[in-house]
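Here is the file my_file.txt (compact mmCIF, C-alpha atoms and all ligand atoms).
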```txt
# COMPACT_ATOMS: atom_id res chain seq x y z
CA MET A 1 3.68 7.54 40.74
CA ASP A 2 4.79 11.10 40.53
CA THR A 3 7.34 10.94 37.77
CA VAL A 4 8.32 14.57 38.03
CA ALA A 5 9.47 14.11 41.61
CA GLN A 6 12.01 11.48 40.61
CA LEU A 7 13.96 13.96 38.56
CA ALA A 8 16.89 15.84 39.98
CA PRO A 9 16.45 19.61 39.80
CA LEU A 10 17.60 21.18 36.57
CA LYS A 11 21.11 22.50 36.82
CA ALA A 12 21.71 26.01 35.68
CA ALA A 13 23.63 25.13 32.55
CA ALA A 14 26.52 27.36 31.65
CA PRO A 15 27.26 26.64 28.00
CA SER A 16 30.27 28.58 26.75
CA PRO A 17 29.25 30.07 23.46
CA ASP A 18 32.78 31.08 22.56
CA GLN A 19 34.60 27.81 23.08
CA PRO A 20 34.17 24.95 20.63
CA SER A 21 32.94 21.67 22.07
CA LEU A 22 34.82 18.38 21.81
CA ILE A 23 31.50 16.57 21.58
CA GLY A 24 30.38 15.48 18.12
CA LEU A 25 33.87 15.23 16.62
CA SER A 26 34.84 12.03 14.82
CA ARG A 27 37.79 10.17 16.35
CA ALA A 28 40.05 11.65 13.67
CA ALA A 29 38.87 15.19 14.37
CA LEU A 30 39.17 14.66 18.12
CA GLY A 31 42.73 13.44 17.58
CA ALA A 32 43.50 16.55 15.53
CA ALA A 33 42.10 18.76 18.29
CA LEU A 34 44.32 17.01 20.83
CA ALA A 35 47.39 17.35 18.61
CA GLU A 36 46.67 21.06 18.28
CA THR A 37 46.51 21.30 22.05
CA GLY A 38 50.02 19.90 22.25
CA VAL A 39 49.57 16.15 22.68
CA PRO A 40 52.67 14.51 21.10
CA ALA A 41 51.97 12.57 17.88
CA GLY A 42 52.85 9.24 19.50
CA GLN A 43 50.23 9.73 22.21
CA VAL A 44 47.32 11.05 20.14
CA ARG A 45 45.62 7.68 19.65
CA MET A 46 45.82 6.69 23.26
CA ARG A 47 44.59 10.08 24.51
CA THR A 48 41.76 10.08 21.95
CA SER A 49 40.54 6.71 23.30
CA GLN A 50 40.74 7.93 26.88
CA ILE A 51 38.84 11.12 26.21
CA TRP A 52 36.29 9.32 24.00
CA HIS A 53 35.58 7.04 26.93
CA TRP A 54 35.04 9.99 29.29
CA LEU A 55 32.79 11.85 26.86
CA TYR A 56 30.57 9.05 25.66
CA PHE A 57 30.85 6.11 28.04
CA ARG A 58 30.87 8.09 31.29
CA GLY A 59 29.15 11.27 30.13
CA ALA A 60 31.78 13.63 31.61
CA THR A 61 30.90 17.32 31.41
CA ASP A 62 34.09 18.56 32.99
CA PHE A 63 37.73 17.87 32.15
CA SER A 64 38.52 17.63 35.85
CA ALA A 65 36.68 14.28 36.00
CA MET A 66 39.23 12.68 33.63
CA ARG A 67 41.42 11.08 36.27
CA ASN A 68 43.74 9.23 33.89
CA VAL A 69 44.55 12.39 31.92
CA SER A 70 47.42 14.55 33.20
CA LYS A 71 46.54 17.73 35.03
CA ALA A 72 48.45 19.84 32.53
CA LEU A 73 46.54 18.40 29.57
CA ARG A 74 43.18 18.78 31.37
CA GLN A 75 44.07 22.40 32.01
CA ALA A 76 45.14 23.01 28.40
CA LEU A 77 41.96 21.37 27.08
CA SER A 78 39.69 23.35 29.38
CA GLU A 79 41.27 26.59 28.17
CA ARG A 80 40.41 25.77 24.56
CA PHE A 81 37.30 23.60 24.62
CA THR A 82 34.04 23.09 26.45
CA LEU A 83 32.09 19.94 27.33
CA ALA A 84 29.05 21.86 28.58
CA ARG A 85 25.59 20.49 27.91
CA PRO A 86 22.99 22.71 26.27
CA GLU A 87 20.58 24.52 28.54
CA ILE A 88 17.38 22.62 29.36
CA VAL A 89 14.69 25.24 28.97
CA THR A 90 11.84 22.93 29.97
CA GLU A 91 11.47 19.32 30.93
CA GLN A 92 7.95 17.93 30.77
CA VAL A 93 6.69 14.53 31.85
CA SER A 94 3.52 13.14 30.33
CA GLN A 95 0.95 11.14 32.28
CA ASP A 96 2.17 8.09 30.36
CA GLY A 97 5.81 8.66 31.38
CA THR A 98 6.93 10.18 28.06
CA ARG A 99 9.40 13.01 28.62
CA LYS A 100 10.06 16.01 26.44
CA TRP A 101 12.97 18.37 26.73
CA LEU A 102 13.20 21.76 25.10
CA LEU A 103 16.93 22.37 24.67
CA ARG A 104 18.64 25.64 23.88
CA PHE A 105 21.97 25.51 22.09
CA PRO A 106 24.32 28.48 22.29
CA PRO A 107 25.21 30.21 19.04
CA ARG A 108 28.88 29.09 19.00
CA GLY A 109 30.11 32.13 17.12
CA ALA A 110 27.69 34.19 15.07
CA GLY A 111 23.94 33.75 14.97
CA ARG A 112 21.32 33.24 17.64
CA PRO A 113 20.77 30.42 20.08
CA VAL A 114 18.37 27.78 18.74
CA GLU A 115 15.86 25.55 20.48
CA VAL A 116 14.92 21.98 19.67
CA GLU A 117 12.80 19.28 21.23
CA THR A 118 13.85 15.75 22.16
CA VAL A 119 11.41 13.09 23.37
CA TYR A 120 11.93 9.96 25.48
CA ILE A 121 9.36 7.19 25.25
CA PRO A 122 9.67 4.45 27.90
CA GLU A 123 8.14 1.10 26.97
CA GLU A 124 8.11 -2.39 28.39
CA GLY A 125 11.70 -3.61 28.09
CA ARG A 126 13.03 -0.65 26.15
CA GLY A 127 13.23 3.11 25.95
CA THR A 128 13.28 5.07 22.72
CA LEU A 129 14.78 8.51 22.30
CA CYS A 130 13.35 10.57 19.45
CA VAL A 131 16.08 12.92 18.27
CA SER A 132 15.82 16.06 16.10
CA SER A 133 18.09 16.72 13.12
CA GLN A 134 17.10 20.27 12.17
CA VAL A 135 15.50 23.32 13.73
CA GLY A 136 12.29 23.40 11.74
CA CYS A 137 12.11 21.67 8.36
CA THR A 138 12.39 22.80 4.74
CA LEU A 139 9.62 20.40 3.80
CA THR A 140 5.96 21.14 4.32
CA CYS A 141 4.11 17.88 4.86
CA THR A 142 0.56 19.06 5.41
CA PHE A 143 -0.16 16.92 8.52
CA CYS A 144 3.04 17.77 10.39
CA HIS A 145 3.41 20.56 12.95
CA THR A 146 7.16 20.88 12.35
CA GLY A 147 6.34 21.49 8.68
CA THR A 148 4.59 24.73 9.66
CA GLN A 149 7.76 26.04 11.31
CA ARG A 150 10.18 27.59 8.89
CA MET A 151 13.57 26.01 8.59
CA VAL A 152 16.05 27.76 10.86
CA ARG A 153 19.16 25.66 10.37
CA ASN A 154 20.70 22.21 10.41
CA LEU A 155 21.85 20.93 13.78
CA THR A 156 25.55 20.18 14.11
CA ALA A 157 26.80 16.69 14.97
CA GLU A 158 27.50 18.04 18.46
CA GLU A 159 23.93 19.19 18.91
CA ILE A 160 22.55 15.85 17.70
CA VAL A 161 24.82 13.82 20.02
CA GLN A 162 24.09 16.19 22.94
CA GLN A 163 20.42 15.22 22.74
CA ILE A 164 21.40 11.62 23.49
CA LEU A 165 23.85 12.61 26.22
CA ILE A 166 21.43 14.92 27.96
CA ALA A 167 18.66 12.31 27.96
CA ARG A 168 21.02 9.71 29.43
CA GLU A 169 22.20 12.20 32.02
CA ARG A 170 18.70 13.26 33.07
CA LEU A 171 17.53 9.65 33.22
CA GLY A 172 20.59 8.45 35.14
CA ASP A 173 21.52 6.10 32.29
CA PHE A 174 25.31 6.42 32.28
CA PRO A 175 27.07 3.29 33.57
CA ASP A 176 28.07 3.10 37.18
CA ALA A 177 31.50 4.55 37.96
CA ALA A 178 32.58 1.07 39.14
CA ILE A 179 32.30 -0.38 35.61
CA PRO A 180 35.85 -0.52 34.23
CA GLN A 181 37.06 1.04 31.00
CA GLY A 182 36.77 -1.43 28.13
CA ALA A 183 33.65 -3.10 29.56
CA VAL A 184 30.88 -3.76 27.06
CA VAL A 185 27.49 -2.41 28.11
CA PRO A 186 24.81 -3.95 25.86
CA SER A 187 21.96 -1.81 24.47
CA GLU A 188 19.43 -4.04 26.26
CA GLY A 189 18.56 -3.09 29.81
CA ARG A 190 19.46 0.56 29.36
CA LEU A 191 16.96 3.34 29.74
CA VAL A 192 17.87 4.77 26.33
CA SER A 193 18.09 1.49 24.42
CA ASN A 194 16.92 2.81 21.03
CA VAL A 195 17.39 6.02 19.08
CA VAL A 196 15.10 7.18 16.30
CA MET A 197 15.84 10.16 14.07
CA MET A 198 12.15 11.09 14.03
CA GLY A 199 12.14 14.43 15.78
CA MET A 200 12.16 17.79 14.07
CA GLY A 201 13.58 18.00 10.57
CA GLU A 202 14.50 15.83 7.61
CA PRO A 203 17.69 13.96 8.57
CA LEU A 204 18.75 13.23 5.00
CA TYR A 205 18.91 16.98 4.30
CA ASN A 206 21.55 17.20 7.03
CA PHE A 207 23.52 14.22 5.79
CA ASP A 208 27.06 14.76 7.10
CA ASN A 209 26.12 15.85 10.60
CA VAL A 210 23.54 13.09 11.04
CA ARG A 211 25.99 10.50 9.72
CA ASP A 212 28.74 11.67 12.10
CA ALA A 213 26.33 11.70 15.05
CA LEU A 214 25.00 8.21 14.31
CA LEU A 215 28.52 6.84 13.99
CA ILE A 216 29.30 8.26 17.43
CA ALA A 217 26.09 6.75 18.88
CA ALA A 218 27.04 3.34 17.47
CA ASP A 219 30.71 3.43 18.48
CA GLY A 220 31.34 0.43 20.72
CA ASP A 221 33.68 2.28 23.10
CA GLY A 222 31.23 5.05 23.88
CA ILE A 223 27.44 5.25 23.68
CA ALA A 224 27.60 1.82 22.02
CA LEU A 225 24.07 1.49 20.73
CA SER A 226 23.57 -1.45 18.40
CA ARG A 227 23.03 -0.26 14.80
CA ARG A 228 19.81 -2.28 14.79
CA ARG A 229 18.52 -0.04 17.55
CA ILE A 230 19.13 3.17 15.63
CA THR A 231 16.51 4.11 13.03
CA LEU A 232 16.51 7.03 10.64
CA SER A 233 13.15 8.17 9.30
CA THR A 234 12.93 10.02 6.00
CA SER A 235 10.13 11.57 4.00
CA GLY A 236 11.87 10.11 0.94
CA VAL A 237 15.06 11.92 -0.10
CA VAL A 238 15.73 9.16 -2.63
CA PRO A 239 19.37 9.89 -3.64
CA GLU A 240 20.56 9.86 -0.01
CA ILE A 241 18.80 6.73 1.26
CA VAL A 242 21.27 4.05 0.16
CA ARG A 243 24.22 6.37 0.77
CA MET A 244 23.21 6.81 4.43
CA GLY A 245 22.67 3.08 4.85
CA GLU A 246 26.14 2.40 3.49
CA ALA A 247 27.73 5.03 5.71
CA THR A 248 26.08 4.05 8.99
CA GLY A 249 24.55 0.56 8.76
CA THR A 250 21.53 1.78 10.73
CA MET A 251 17.85 0.93 10.22
CA LEU A 252 15.51 2.81 7.87
CA ALA A 253 11.96 4.10 8.22
CA ILE A 254 10.02 5.67 5.37
CA SER A 255 7.20 8.18 5.87
CA LEU A 256 4.96 6.79 3.16
CA HIS A 257 1.44 7.96 4.17
CA ALA A 258 -0.12 7.44 0.73
CA VAL A 259 -0.05 4.73 -1.92
CA ARG A 260 -0.81 6.88 -4.97
CA ASP A 261 1.41 9.68 -6.26
CA GLU A 262 -1.51 12.08 -6.62
CA LEU A 263 -2.29 11.98 -2.90
CA ARG A 264 1.31 11.66 -1.75
CA ASP A 265 2.21 14.75 -3.82
CA GLU A 266 -0.22 16.64 -1.62
CA LEU A 267 0.58 15.13 1.79
CA VAL A 268 4.36 14.73 1.42
CA PRO A 269 5.32 17.32 -1.20
CA ILE A 270 8.83 15.88 -1.71
CA ASN A 271 6.98 13.15 -3.63
CA ARG A 272 6.72 15.53 -6.59
CA LYS A 273 10.49 15.32 -6.88
CA TYR A 274 10.90 11.64 -5.94
CA PRO A 275 7.72 9.70 -6.71
CA ILE A 276 6.66 6.44 -5.08
CA ALA A 277 8.19 4.10 -7.70
CA GLU A 278 11.64 5.68 -7.25
CA LEU A 279 11.26 5.56 -3.49
CA MET A 280 10.45 1.84 -3.59
CA GLU A 281 13.45 1.24 -5.82
CA ALA A 282 15.76 2.92 -3.29
CA CYS A 283 14.21 0.82 -0.52
CA ARG A 284 14.86 -2.40 -2.40
CA SER A 285 18.53 -1.39 -2.67
CA TYR A 286 18.93 -0.54 1.03
CA PRO A 287 22.08 -2.29 2.29
CA GLY A 288 21.70 -5.24 4.65
CA LEU A 289 17.98 -5.65 4.02
CA SER A 290 16.67 -9.01 5.26
CA ASN A 291 13.78 -10.40 7.29
CA ALA A 292 15.79 -9.64 10.41
CA ARG A 293 16.50 -6.08 9.19
CA ARG A 294 13.27 -4.75 7.78
CA ILE A 295 12.33 -1.28 6.61
CA THR A 296 9.55 0.38 8.63
CA PHE A 297 6.87 2.08 6.54
CA GLU A 298 5.03 4.78 8.47
CA TYR A 299 1.46 5.56 7.51
CA VAL A 300 -0.40 8.34 9.32
CA MET A 301 -4.14 7.67 9.59
CA LEU A 302 -6.04 10.70 8.28
CA LYS A 303 -9.81 10.51 8.38
CA ASP A 304 -11.36 10.16 4.90
CA VAL A 305 -8.07 11.13 3.27
CA ASN A 306 -5.90 7.99 3.07
CA ASP A 307 -7.73 5.47 5.26
CA SER A 308 -9.93 3.43 2.91
CA LEU A 309 -9.65 -0.34 2.92
CA ALA A 310 -8.84 -0.22 -0.80
CA GLU A 311 -5.76 1.81 0.16
CA ALA A 312 -4.84 -0.76 2.81
CA LYS A 313 -4.86 -3.43 0.10
CA GLU A 314 -2.81 -1.26 -2.24
CA LEU A 315 -0.32 -0.66 0.55
CA VAL A 316 0.23 -4.36 1.03
CA LYS A 317 0.66 -4.80 -2.72
CA LEU A 318 3.11 -1.92 -2.97
CA LEU A 319 5.42 -3.40 -0.34
CA LYS A 320 5.42 -6.90 -1.79
CA GLY A 321 8.92 -8.31 -1.93
CA ILE A 322 10.43 -5.72 0.45
CA PRO A 323 11.25 -6.98 3.98
CA ALA A 324 8.96 -4.51 5.74
CA LYS A 325 7.17 -3.55 8.93
CA ILE A 326 4.12 -1.32 8.74
CA ASN A 327 3.49 1.32 11.37
CA LEU A 328 0.04 2.88 11.31
CA ILE A 329 0.26 6.17 13.20
CA PRO A 330 -3.01 7.61 14.50
CA PHE A 331 -2.86 11.26 13.41
CA ASN A 332 -1.78 13.46 16.30
CA PRO A 333 -3.60 16.77 16.23
CA TRP A 334 -1.95 20.14 16.73
CA PRO A 335 -3.40 23.66 16.89
CA GLY A 336 -4.87 24.57 13.51
CA ALA A 337 -4.23 21.18 11.87
CA PRO A 338 -6.32 20.65 8.74
CA TYR A 339 -6.99 16.93 9.42
CA GLU A 340 -8.71 14.63 11.85
CA CYS A 341 -7.55 11.27 13.05
CA SER A 342 -9.34 8.31 11.46
CA ASP A 343 -12.02 6.68 13.59
CA TRP A 344 -10.69 3.90 15.77
CA GLU A 345 -12.85 1.24 14.04
CA ARG A 346 -11.41 2.32 10.72
CA ILE A 347 -7.85 2.13 11.99
CA GLU A 348 -8.54 -1.38 13.27
CA ALA A 349 -10.15 -2.46 10.00
CA PHE A 350 -7.19 -1.03 8.07
CA ALA A 351 -4.81 -2.81 10.45
CA GLU A 352 -6.72 -6.05 9.95
CA VAL A 353 -6.06 -5.96 6.18
CA VAL A 354 -2.38 -5.29 6.88
CA ASN A 355 -2.35 -8.02 9.53
CA ARG A 356 -3.82 -10.62 7.23
CA ALA A 357 -0.99 -9.92 4.82
CA GLY A 358 1.44 -11.02 7.56
CA TYR A 359 2.46 -7.76 9.27
CA ALA A 360 2.21 -8.03 13.07
CA SER A 361 0.94 -5.34 15.48
CA PRO A 362 0.97 -2.41 13.09
CA ILE A 363 -0.72 0.35 15.16
CA ARG A 364 1.58 2.79 16.95
CA THR A 365 0.09 3.84 20.30
CA PRO A 366 0.19 7.62 20.56
CA ARG A 367 2.48 8.69 23.40
CA GLY A 368 2.92 11.98 25.16
CA ARG A 369 0.02 13.76 23.44
CA ASP A 370 -0.75 15.78 26.61
CA ILE A 371 2.64 17.49 26.40
CA LEU A 372 2.61 17.79 22.57
CA ALA A 373 5.40 15.22 22.36
CA ALA A 374 3.75 12.75 19.97
CA CYS A 375 4.83 12.24 16.33
CA GLY A 376 4.48 15.36 14.29
CA GLN A 377 3.63 17.64 17.23
CA LEU A 378 7.10 19.09 17.76
CA LYS A 379 7.73 22.71 17.01
CA SER A 380 10.00 25.22 18.69
CA ALA A 381 9.76 28.95 18.84
CA SER A 382 13.22 29.49 17.32
CA GLU A 383 13.06 31.96 14.53
CA ARG A 384 14.70 31.82 11.21
CA MET A 385 18.00 33.68 11.19
CA ARG A 386 18.41 36.61 8.91
CA LYS A 387 20.37 35.77 5.77
CA SER A 388 23.39 37.77 6.92
CA GLU A 389 23.44 35.84 10.20
CA ARG A 390 23.25 32.49 8.46
CA GLU A 391 26.13 33.43 6.22
CA ALA A 392 28.19 34.58 9.16
CA ALA A 393 27.37 31.39 11.07
CA SER A 394 28.44 29.10 8.25
CA VAL A 395 32.01 30.41 7.94
N1 LIG B 401 11.34 14.21 8.60
C1 LIG B 401 11.38 12.83 8.88
C2 LIG B 401 11.45 12.49 10.34
C3 LIG B 401 10.58 13.27 11.30
S1 LIG B 401 8.85 12.99 11.32
C4 LIG B 401 10.19 12.14 8.25
O1 LIG B 401 9.30 12.83 7.80
O2 LIG B 401 10.21 10.92 8.19
C5 LIG B 401 8.58 11.47 12.19
C6 LIG B 401 7.27 10.75 11.76
O3 LIG B 401 6.09 11.40 12.30
C7 LIG B 401 7.09 10.74 10.27
O4 LIG B 401 6.64 9.48 9.81
C8 LIG B 401 6.02 11.77 10.08
O5 LIG B 401 5.40 11.63 8.86
C9 LIG B 401 5.14 11.51 11.26
N2 LIG B 401 4.21 12.59 11.56
C10 LIG B 401 4.35 13.90 11.26
N3 LIG B 401 3.27 14.61 11.70
C11 LIG B 401 2.44 13.73 12.29
C12 LIG B 401 1.20 13.86 12.98
N4 LIG B 401 0.61 15.04 13.15
N5 LIG B 401 0.63 12.74 13.48
C13 LIG B 401 1.26 11.55 13.37
N6 LIG B 401 2.43 11.37 12.74
C14 LIG B 401 3.03 12.45 12.21
FE1 LIG B 402 9.62 17.64 7.76
FE2 LIG B 402 9.19 15.03 8.38
FE3 LIG B 402 7.48 16.95 9.21
FE4 LIG B 402 7.59 16.30 6.61
S1 LIG B 402 6.95 14.95 8.31
S2 LIG B 402 7.51 18.40 7.44
S3 LIG B 402 9.78 15.90 6.36
S4 LIG B 402 9.62 16.75 9.82
```
Output the file's structure in the form of C-alpha cells.
Ligand code: SAH
Ligand code: SF4
Amino acid sequence: MDTVAQLAPLKAAAPSPDQPSLIGLSRAALGAALAETGVPAGQVRMRTSQIWHWLYFRGATDFSAMRNVSKALRQALSERFTLARPEIVTEQVSQDGTRKWLLRFPPRGAGRPVEVETVYIPEEGRGTLCVSSQVGCTLTCTFCHTGTQRMVRNLTAEEIVQQILIARERLGDFPDAAIPQGAVVPSEGRLVSNVVMMGMGEPLYNFDNVRDALLIAADGDGIALSRRRITLSTSGVVPEIVRMGEATGTMLAISLHAVRDELRDELVPINRKYPIAELMEACRSYPGLSNARRITFEYVMLKDVNDSLAEAKELVKLLKGIPAKINLIPFNPWPGAPYECSDWERIEAFAEVVNRAGYASPIRTPRGRDILAACGQLKSASERMRKSEREAASV
C-alpha cells in the first residue's frame, strides 16, 4: 500500500505571526479573551463552551466555520485572534506506516520561528502520537540525538496542543460533522488514541505549558483522550513528578536506563542531581498508582554498557513493590552516536529475566527508523536564539 498517496496535499499554511492564537488557552483564559472581545459577562461561559467545541472537538481552523456563533462575534474574534495551524515543513511516511511531521511555528512576537518533530505510530487497535515539549533539550543524555541539539526554548501550550490537532487533521481523525455537540467520542477506535510526551525535550522542565496542554487533551468536551491514554516520560526531574501527577492525573514513564548511580550519572546526567533512590521514592508516591495504573520504566539497550544479565536481575529487584511495566528499547542509532544496540540474543535473554519476574512483553519494537522517527532520533535544525531575542520573546 502506498501510504503517501492516501494523504491530502499539504496546504500552504498561513500562520499569522502577529495575532495570538486561541488554541492552548485554559477555559478560564479563553473566557477572559472572549470577555475582552466584548462578549457580555452573562454569556462568557456559554460562548467558551461553544468555541471550545469548535476548536478541539471539530478541529476548526477558521472562525467562519462556527455556525452557532453570531457573525459579529466571529468577525470580532477573527480581527484579534488566529486559529491557524503551524506550517508543515515536511511530512514523511515510513515503510512501517509511522509518520513524522516537521512543524514550523511562527515567532508570535519577537524571536525566530522554531521547528519541532511529531511522530505518529499506528499499531493494531491503537495509534500513538509522540509529542515534543521543547525545541532541543537542556539535558545531555549521551545516547539521545535530541541531547546533542542545544536547547532553543520551551514550547507553549498552544504549540504542544497544535501537534495533536495537526496529526488528527492530517489523519482525518476529527469526528464526522454529523456527530452532534455533546456526544462522547471514546478514545478507542480513533486514529490518535494515545498521546505520549516522549518527543523532543524534557516535559517536566516545561511544567506549566505541558500541564495546560495535557489538561486540554484530556478535557471531555474537546479532544477527550482518557487520562490513562496520556503518558508523560521524564528523565527524572524528581521534585516535579508527583506535582505533575496531581495536576493532570496522567500516566508516568521513567527513562531509567541504568540500575547503578555510577552508570546512570554518565548516561542520564540529571541523575547526579536526583539519584536513583530519590527517583524511586518519587515513583512510589505517584498519585493513583495501582496494578491497573502502572509506571513504565524505559531501559535503552546499549551493547556492553548496561545490558548484562546481572543488571537485568538488579532491575527487577529495584522495581520491587512498584506497580511497573518495563520497556526495553533497542538503541536507535543516529549519525555519530557513541553506542551500538545490544545484540538481539542479548536483548531476548535480558527480556527473559524480566519476563520471569512477571513483566509481560517488555521489548519495544523500533518504529520509523528509516525516517529517523524512532525514540531518541529526533532533532531539528532550529538554532538557539540569541540571549537578547530570548529576553524579548519572554515579555
Ligand atoms: N526527555 C524525556 C522524554 C523524551 S525521550 C525523557 O528522557 O524521558 C523518550 C524516550 O526515548 C526516553 O526514554 C529516552 O531515554 C529514549 N531514547 C532517547 N534516545 C534514544 C535512542 N537513541 N534509542 C532509543 N531510545 C532513546
Ligand atoms: Fe532530553 Fe530525554 Fe533526550 Fe535526555 S533522553 S537528552 S532528557 S530528550
- Out of A:Ala324, A:Val259, A:Pro239, A:Ile295, which residue has the shortest atom-to-atom distance to A:Tyr274 when counting only C-alpha atoms?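 For A:Tyr274, the nearest of the candidates is A:Pro239.
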- Item | Surrounding residues of stretch 344-349 of chain A excluding itself and chain neighbours under 6 positions, 9 Å, all atoms listed in the file, as a list in words |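 The residues satisfying every condition are Met301, Lys303, Asp307, Ser308, Leu309, Leu328, Pro330 and Ile363 of chain A.
Shell of A:Tyr339 at 9 Å, with only C-alpha atoms counted and residues fewer than 6 places along the chain excluded, is Thr142, Phe143, Leu302, Lys303, Val305, Phe331 and Pro333 of chain A.
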Using all atoms listed in the file, what does the table of stretch 167-286 of chain A residues within 9 Å of stretch 116-132 of chain A look like, with each row giving the shortest atom pair and its distance in Å to one decimal, sorted by chain and ascending number, as CSV?
```
residue,atom,partner,partner_atom,distance
A:Ala167,CA,A:Tyr120,CA,7.5
A:Glu188,CA,A:Arg126,CA,7.2
A:Gly189,CA,A:Arg126,CA,7.1
A:Arg190,CA,A:Arg126,CA,7.3
A:Leu191,CA,A:Gly127,CA,5.3
A:Val192,CA,A:Gly127,CA,4.9
A:Ser193,CA,A:Gly127,CA,5.3
A:Asn194,CA,A:Thr128,CA,4.6
A:Val195,CA,A:Leu129,CA,4.8
A:Val196,CA,A:Cys130,CA,4.9
A:Met197,CA,A:Val131,CA,5.0
A:Met198,CA,A:Cys130,CA,5.6
A:Gly199,CA,A:Ser132,CA,4.0
A:Met200,CA,A:Ser132,CA,4.5
A:Gly201,CA,A:Ser132,CA,6.3
A:Glu202,CA,A:Ser132,CA,8.6
A:Pro203,CA,A:Ser132,CA,8.0
A:Arg229,CA,A:Thr128,CA,9.0
```
- Message: Just want the residues within 9 Å of ligand LIG 402 (chain B), written as an MDAnalysis selection string, counting all atoms listed in the file.
- Response: chainID A and resid 132 134 136:149 198:203 233:236 255 267:270 375:378
- Query: Which one of A:Thr98, A:Thr296, A:Ser285, A:Ser226 sits closest to A:Leu214 if you count only C-alpha atoms?
  - Reply: A:Ser226
- Item | For atom CA of A:Asp62 and atom CA of A:Val135, the interatomic separation in Å (one decimal) | 27.2 Å
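Proximity to A:Arg168 was assessed for A:Gly59, A:Met251, A:Val69, A:Val184 counting all atoms listed in the file; the smallest distance is recorded for A:Gly59.
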Once 6 Å is added on each side, what centre and edge lengths in Å to one decimal does the axis-aligned box around all listed atoms of ligand LIG 401 (chain B) have, as lines of an AutoDock Vina configuration file?
```
center_x = 6.0
center_y = 12.3
center_z = 10.6
size_x = 22.8
size_y = 17.6
size_z = 17.7
```
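Reported to one decimal place, the separation of atom CA of A:Ala65 from atom CA of A:Leu77 is 12.6 Å.
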- What separation in Å, quoted to one decimal, exists between atom CA of A:Arg104 and atom CA of A:Gln163? 10.6 Å
- Option closest in space to A:Ala76, from A:Asp96, A:Glu36, A:Asp370, A:Glu115 [counting all atoms listed in the file]: A:Glu36
- Message: My list of candidates is A:Asp304, A:Asp208, A:Glu246, A:Glu278. Which is closest to A:Asp261 when distances are computed with all atoms listed in the file?
- Response: A:Glu278
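Near stretch 83-88 of chain A, within 7 Å and counting all atoms listed in the file, sit A:Ala13, A:Ala14, A:Pro15, A:Ser21, A:Leu22, A:Ile23, A:Thr61, A:Asp62, A:Trp101, A:Leu102, A:Leu103, A:Arg104, A:Phe105, A:Gln162, A:Ile166, not including residues fewer than 4 positions from it in the same chain.
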- Task: Mind checking which residues fall within 8 Å of A:Cys283, counting all atoms listed in the file, ignoring those fewer than 3 positions away in the same chain, and posting them as a list in words?
- Result: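 Final neighbour list, sorted by chain and number: Ile241, Val242, Leu279, Met280, Tyr286, Ile295 and Ile322 of chain A.
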